Each structure stands twice: as C-alpha cells, then as structure tokens.
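*Asks:* Structure file query07.pdb (PDB, N, CA and C atoms) right here:
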ATOM      1  N   MET A   1     112.181  48.499  53.412
ATOM      2  CA  MET A   1     111.551  47.209  53.618
ATOM      3  C   MET A   1     111.162  46.618  52.260
ATOM      4  N   ILE A   2     111.467  45.363  52.066
ATOM      5  CA  ILE A   2     111.149  44.667  50.808
ATOM      6  C   ILE A   2     109.748  44.073  50.917
ATOM      7  N   LYS A   3     108.913  44.401  49.937
ATOM      8  CA  LYS A   3     107.557  43.846  49.908
ATOM      9  C   LYS A   3     107.604  42.452  49.301
ATOM     10  N   ARG A   4     107.107  41.490  50.031
ATOM     11  CA  ARG A   4     107.101  40.102  49.575
ATOM     12  C   ARG A   4     105.798  39.822  48.839
ATOM     13  N   GLU A   5     105.917  39.336  47.631
ATOM     14  CA  GLU A   5     104.725  38.959  46.865
ATOM     15  C   GLU A   5     104.272  37.568  47.292
ATOM     16  N   ILE A   6     102.998  37.418  47.483
ATOM     17  CA  ILE A   6     102.447  36.121  47.869
ATOM     18  C   ILE A   6     102.103  35.355  46.595
ATOM     19  N   PRO A   7     102.647  34.138  46.444
ATOM     20  CA  PRO A   7     102.357  33.375  45.221
ATOM     21  C   PRO A   7     100.918  32.858  45.206
ATOM     22  N   VAL A   8     100.329  32.894  44.021
ATOM     23  CA  VAL A   8      99.001  32.322  43.805
ATOM     24  C   VAL A   8      99.227  30.982  43.108
ATOM     25  N   ILE A   9      98.735  29.917  43.713
ATOM     26  CA  ILE A   9      98.963  28.555  43.221
ATOM     27  C   ILE A   9      97.643  27.970  42.725
ATOM     28  N   GLY A  10      97.622  27.580  41.452
ATOM     29  CA  GLY A  10      96.424  26.966  40.880
ATOM     30  C   GLY A  10      96.293  25.509  41.291
ATOM     31  N   ILE A  11      95.096  25.141  41.703
ATOM     32  CA  ILE A  11      94.797  23.756  42.079
ATOM     33  C   ILE A  11      93.671  23.260  41.177
ATOM     34  N   SER A  12      93.946  22.188  40.460
ATOM     35  CA  SER A  12      92.928  21.662  39.548
ATOM     36  C   SER A  12      91.859  20.887  40.307
ATOM     37  N   THR A  13      90.669  20.880  39.739
ATOM     38  CA  THR A  13      89.549  20.152  40.325
ATOM     39  C   THR A  13      89.417  18.795  39.648
ATOM     40  N   GLU A  14      88.560  17.975  40.220
ATOM     41  CA  GLU A  14      88.307  16.651  39.645
ATOM     42  C   GLU A  14      86.834  16.310  39.799
ATOM     43  N   ILE A  15      86.368  15.386  38.993
ATOM     44  CA  ILE A  15      85.004  14.887  39.125
ATOM     45  C   ILE A  15      85.090  13.634  39.982
ATOM     46  N   ASP A  16      84.558  13.717  41.211
ATOM     47  CA  ASP A  16      84.645  12.560  42.095
ATOM     48  C   ASP A  16      83.453  11.621  41.943
ATOM     49  N   ILE A  17      82.295  12.187  41.688
ATOM     50  CA  ILE A  17      81.121  11.403  41.296
ATOM     51  C   ILE A  17      80.444  12.191  40.174
ATOM     52  N   PRO A  18      79.733  11.525  39.294
ATOM     53  CA  PRO A  18      79.113  12.250  38.182
ATOM     54  C   PRO A  18      78.274  13.436  38.673
ATOM     55  N   GLY A  19      78.533  14.598  38.091
ATOM     56  CA  GLY A  19      77.785  15.795  38.439
ATOM     57  C   GLY A  19      78.354  16.602  39.596
ATOM     58  N   ARG A  20      79.460  16.122  40.184
ATOM     59  CA  ARG A  20      80.050  16.862  41.313
ATOM     60  C   ARG A  20      81.540  17.069  41.089
ATOM     61  N   ILE A  21      81.973  18.308  41.214
ATOM     62  CA  ILE A  21      83.379  18.663  41.043
ATOM     63  C   ILE A  21      83.952  18.976  42.416
ATOM     64  N   SER A  22      85.163  18.494  42.679
ATOM     65  CA  SER A  22      85.748  18.717  44.001
ATOM     66  C   SER A  22      87.249  18.951  43.910
ATOM     67  N   VAL A  23      87.801  19.359  45.039
ATOM     68  CA  VAL A  23      89.239  19.517  45.191
ATOM     69  C   VAL A  23      89.590  18.959  46.574
ATOM     70  N   LYS A  24      90.715  18.303  46.671
ATOM     71  CA  LYS A  24      91.112  17.730  47.949
ATOM     72  C   LYS A  24      91.558  18.841  48.904
ATOM     73  N   ARG A  25      91.026  18.833  50.081
ATOM     74  CA  ARG A  25      91.330  19.862  51.085
ATOM     75  C   ARG A  25      92.812  19.893  51.420
ATOM     76  N   LYS A  26      93.466  18.719  51.393
ATOM     77  CA  LYS A  26      94.883  18.692  51.758
ATOM     78  C   LYS A  26      95.738  19.526  50.800
ATOM     79  N   TYR A  27      95.307  19.659  49.538
ATOM     80  CA  TYR A  27      96.046  20.495  48.587
ATOM     81  C   TYR A  27      95.913  21.974  48.957
ATOM     82  N   VAL A  28      94.688  22.378  49.276
ATOM     83  CA  VAL A  28      94.450  23.760  49.693
ATOM     84  C   VAL A  28      95.232  24.061  50.976
ATOM     85  N   ASP A  29      95.155  23.169  51.941
ATOM     86  CA  ASP A  29      95.863  23.363  53.210
ATOM     87  C   ASP A  29      97.374  23.450  53.007
ATOM     88  N   ALA A  30      97.917  22.644  52.099
ATOM     89  CA  ALA A  30      99.360  22.654  51.846
ATOM     90  C   ALA A  30      99.807  23.995  51.253
ATOM     91  N   VAL A  31      99.017  24.546  50.347
ATOM     92  CA  VAL A  31      99.349  25.843  49.757
ATOM     93  C   VAL A  31      99.299  26.932  50.828
ATOM     94  N   LEU A  32      98.263  26.911  51.650
ATOM     95  CA  LEU A  32      98.150  27.890  52.733
ATOM     96  C   LEU A  32      99.309  27.756  53.719
ATOM     97  N   GLN A  33      99.655  26.537  54.065
ATOM     98  CA  GLN A  33     100.752  26.289  55.008
ATOM     99  C   GLN A  33     102.085  26.822  54.466
ATOM    100  N   ALA A  34     102.251  26.762  53.157
ATOM    101  CA  ALA A  34     103.484  27.234  52.527
ATOM    102  C   ALA A  34     103.486  28.755  52.306
ATOM    103  N   GLY A  35     102.367  29.415  52.648
ATOM    104  CA  GLY A  35     102.313  30.865  52.518
ATOM    105  C   GLY A  35     101.747  31.361  51.209
ATOM    106  N   GLY A  36     101.135  30.473  50.437
ATOM    107  CA  GLY A  36     100.554  30.865  49.160
ATOM    108  C   GLY A  36      99.056  31.084  49.255
ATOM    109  N   ILE A  37      98.494  31.507  48.141
ATOM    110  CA  ILE A  37      97.050  31.686  48.024
ATOM    111  C   ILE A  37      96.538  30.633  47.055
ATOM    112  N   PRO A  38      95.692  29.711  47.526
ATOM    113  CA  PRO A  38      95.159  28.701  46.611
ATOM    114  C   PRO A  38      94.117  29.303  45.669
ATOM    115  N   PHE A  39      94.237  28.975  44.396
ATOM    116  CA  PHE A  39      93.284  29.418  43.378
ATOM    117  C   PHE A  39      92.708  28.158  42.750
ATOM    118  N   ILE A  40      91.433  27.918  42.984
ATOM    119  CA  ILE A  40      90.781  26.706  42.492
ATOM    120  C   ILE A  40      90.448  26.882  41.013
ATOM    121  N   LEU A  41      90.995  26.008  40.183
ATOM    122  CA  LEU A  41      90.756  26.057  38.742
ATOM    123  C   LEU A  41      89.505  25.244  38.416
ATOM    124  N   PRO A  42      88.509  25.866  37.817
ATOM    125  CA  PRO A  42      87.273  25.139  37.524
ATOM    126  C   PRO A  42      87.491  24.077  36.450
ATOM    127  N   PHE A  43      86.791  22.980  36.598
ATOM    128  CA  PHE A  43      86.857  21.891  35.621
ATOM    129  C   PHE A  43      86.042  22.274  34.396
ATOM    130  N   THR A  44      86.610  22.047  33.221
ATOM    131  CA  THR A  44      85.856  22.262  31.990
ATOM    132  C   THR A  44      86.456  21.407  30.880
ATOM    133  N   ASP A  45      85.624  21.045  29.942
ATOM    134  CA  ASP A  45      86.128  20.370  28.745
ATOM    135  C   ASP A  45      85.845  21.239  27.509
ATOM    136  N   ASN A  46      85.504  22.500  27.756
ATOM    137  CA  ASN A  46      85.267  23.462  26.692
ATOM    138  C   ASN A  46      86.614  23.938  26.152
ATOM    139  N   VAL A  47      87.013  23.452  24.990
ATOM    140  CA  VAL A  47      88.329  23.766  24.448
ATOM    141  C   VAL A  47      88.490  25.241  24.065
ATOM    142  N   GLN A  48      87.401  25.952  23.871
ATOM    143  CA  GLN A  48      87.507  27.366  23.510
ATOM    144  C   GLN A  48      87.975  28.225  24.685
ATOM    145  N   ILE A  49      87.776  27.797  25.903
ATOM    146  CA  ILE A  49      88.224  28.589  27.038
ATOM    147  C   ILE A  49      89.482  28.028  27.681
ATOM    148  N   LEU A  50      89.958  26.899  27.168
ATOM    149  CA  LEU A  50      91.173  26.319  27.747
ATOM    150  C   LEU A  50      92.346  27.035  27.225
TER
END
What is this file in structure tokens?

*Replies:*
Amino acid sequence: MIKREIPVIGISTEIDIPGRISVKRKYVDAVLQAGGIPFILPFTDNVQIL
C-alpha cells in the first residue's frame, strides 16, 4: 500500500481593520476540500523573521 502524504498549504493573513488579523474562511475550506491541511501564516512586518 502506498502512503499518501497530505500537503500542507500556507494561507496568508491580512489586516481587515486596524489591530485585527484575519483569514478568509473560504480559503481554509478550499484547502480542506482539496484534501490538504491549511497552515495559517501569521502576519508580520518583522524582516528578521521573514
């Protein structure tokens, strides 16, 4: 039996209102529907960790 690896898909976040970071649910749902694992990428402007 061949073991199938499940892809991990990064989804970027956005600032929708000042002080709040979000991700659109439809992106997460689309990754799940396609058989992947959504990985939410945190928003940052810190260039040392980018």

*Asks:* Using only C-alpha atoms, which of the listed residues (A:Arg4, A:Glu14, A:Tyr27, A:Ile21) sits closest to Phe39 in chain A?

*Replies:* A:Tyr27

*Asks:* What's the 12 Å shell around Phe43 in chain A, counting only C-alpha atoms, without same-chain residues fewer than 5 positions away, as a ChimeraX atom specification?

*Replies:* /A:11-16,19-23,49-50

*Asks:* To one decimal place in Å, what is the distance between CA of Lys24 in chain A and CA of Ile6 in chain A?

*Replies:* 21.6 Å

*Asks:* In Å to one decimal, how far is CA of Lys3 in chain A from CA of Val31 in chain A?

*Replies:*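 Atom-to-atom, CA of Val31 in chain A and CA of Lys3 in chain A are spaced 19.8 Å apart.
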
*Asks:* Would you mind reading off the distance between CA of Gly10 in chain A and CA of Gln33 in chain A, one decimal, in Å?

*Replies:* 14.8 Å

*Asks:* For Gly35 in chain A, find every residue with an atom within 8 Å (counting only N, CA and C atoms), except residues of its own chain fewer than 5 positions away, and show them as a list in words.

*Replies:*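 With the cut-off at 8 Å, the set is Glu5, Ile6, Pro7, Val8, Asp29 and Ala30 of chain A.
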
*Asks:* So which residues of chain A fall under strand (DSSP E) by DSSP, listed as a PyMOL selection string?

*Replies:* chain A and resi 8-12+14-17+20-22+37-41

*Asks:* Using the file's own x, y and z axes, so that the box edges lie along x, y and z, what centre and edge lengths in Å (one decimal) does a box around every listed atom of range 21-25 of chain A get when 3 Å is added on each side? Give it as lines of an AutoDock Vina configuration file.

*Replies:*
center_x = 87.4
center_y = 18.8
center_z = 46.2
size_x = 16.8
size_y = 8.2
size_z = 16.4

*Asks:* Please return, as a PDB file with N, CA and C atoms, in the frame of the given file, all residues of chain A that DSSP assigns to alpha helix (DSSP H) on the basis of the backbone.

*Replies:*
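Generated output (part14.pdb):
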ATOM      1  N   ARG A  25      91.026  18.833  50.081  1.00  0.00           N
ATOM      2  CA  ARG A  25      91.330  19.862  51.085  1.00  0.00           C
ATOM      3  C   ARG A  25      92.812  19.893  51.420  1.00  0.00           C
ATOM      4  N   LYS A  26      93.466  18.719  51.393  1.00  0.00           N
ATOM      5  CA  LYS A  26      94.883  18.692  51.758  1.00  0.00           C
ATOM      6  C   LYS A  26      95.738  19.526  50.800  1.00  0.00           C
ATOM      7  N   TYR A  27      95.307  19.659  49.538  1.00  0.00           N
ATOM      8  CA  TYR A  27      96.046  20.495  48.587  1.00  0.00           C
ATOM      9  C   TYR A  27      95.913  21.974  48.957  1.00  0.00           C
ATOM     10  N   VAL A  28      94.688  22.378  49.276  1.00  0.00           N
ATOM     11  CA  VAL A  28      94.450  23.760  49.693  1.00  0.00           C
ATOM     12  C   VAL A  28      95.232  24.061  50.976  1.00  0.00           C
ATOM     13  N   ASP A  29      95.155  23.169  51.941  1.00  0.00           N
ATOM     14  CA  ASP A  29      95.863  23.363  53.210  1.00  0.00           C
ATOM     15  C   ASP A  29      97.374  23.450  53.007  1.00  0.00           C
ATOM     16  N   ALA A  30      97.917  22.644  52.099  1.00  0.00           N
ATOM     17  CA  ALA A  30      99.360  22.654  51.846  1.00  0.00           C
ATOM     18  C   ALA A  30      99.807  23.995  51.253  1.00  0.00           C
ATOM     19  N   VAL A  31      99.017  24.546  50.347  1.00  0.00           N
ATOM     20  CA  VAL A  31      99.349  25.843  49.757  1.00  0.00           C
ATOM     21  C   VAL A  31      99.299  26.932  50.828  1.00  0.00           C
ATOM     22  N   LEU A  32      98.263  26.911  51.650  1.00  0.00           N
ATOM     23  CA  LEU A  32      98.150  27.890  52.733  1.00  0.00           C
ATOM     24  C   LEU A  32      99.309  27.756  53.719  1.00  0.00           C
ATOM     25  N   GLN A  33      99.655  26.537  54.065  1.00  0.00           N
ATOM     26  CA  GLN A  33     100.752  26.289  55.008  1.00  0.00           C
ATOM     27  C   GLN A  33     102.085  26.822  54.466  1.00  0.00           C
TER      28      GLN A  33
END

*Asks:* With a distance cut-off of 8 Å and all atoms listed in the file, select the neighbouring residues of Ile9 in chain A, excluding the residue or stretch itself and same-chain residues fewer than 4 positions from it, and output the selection as JSON, numbers by chain.

*Replies:* {"A": [31, 36, 37, 38, 39, 40, 41]}
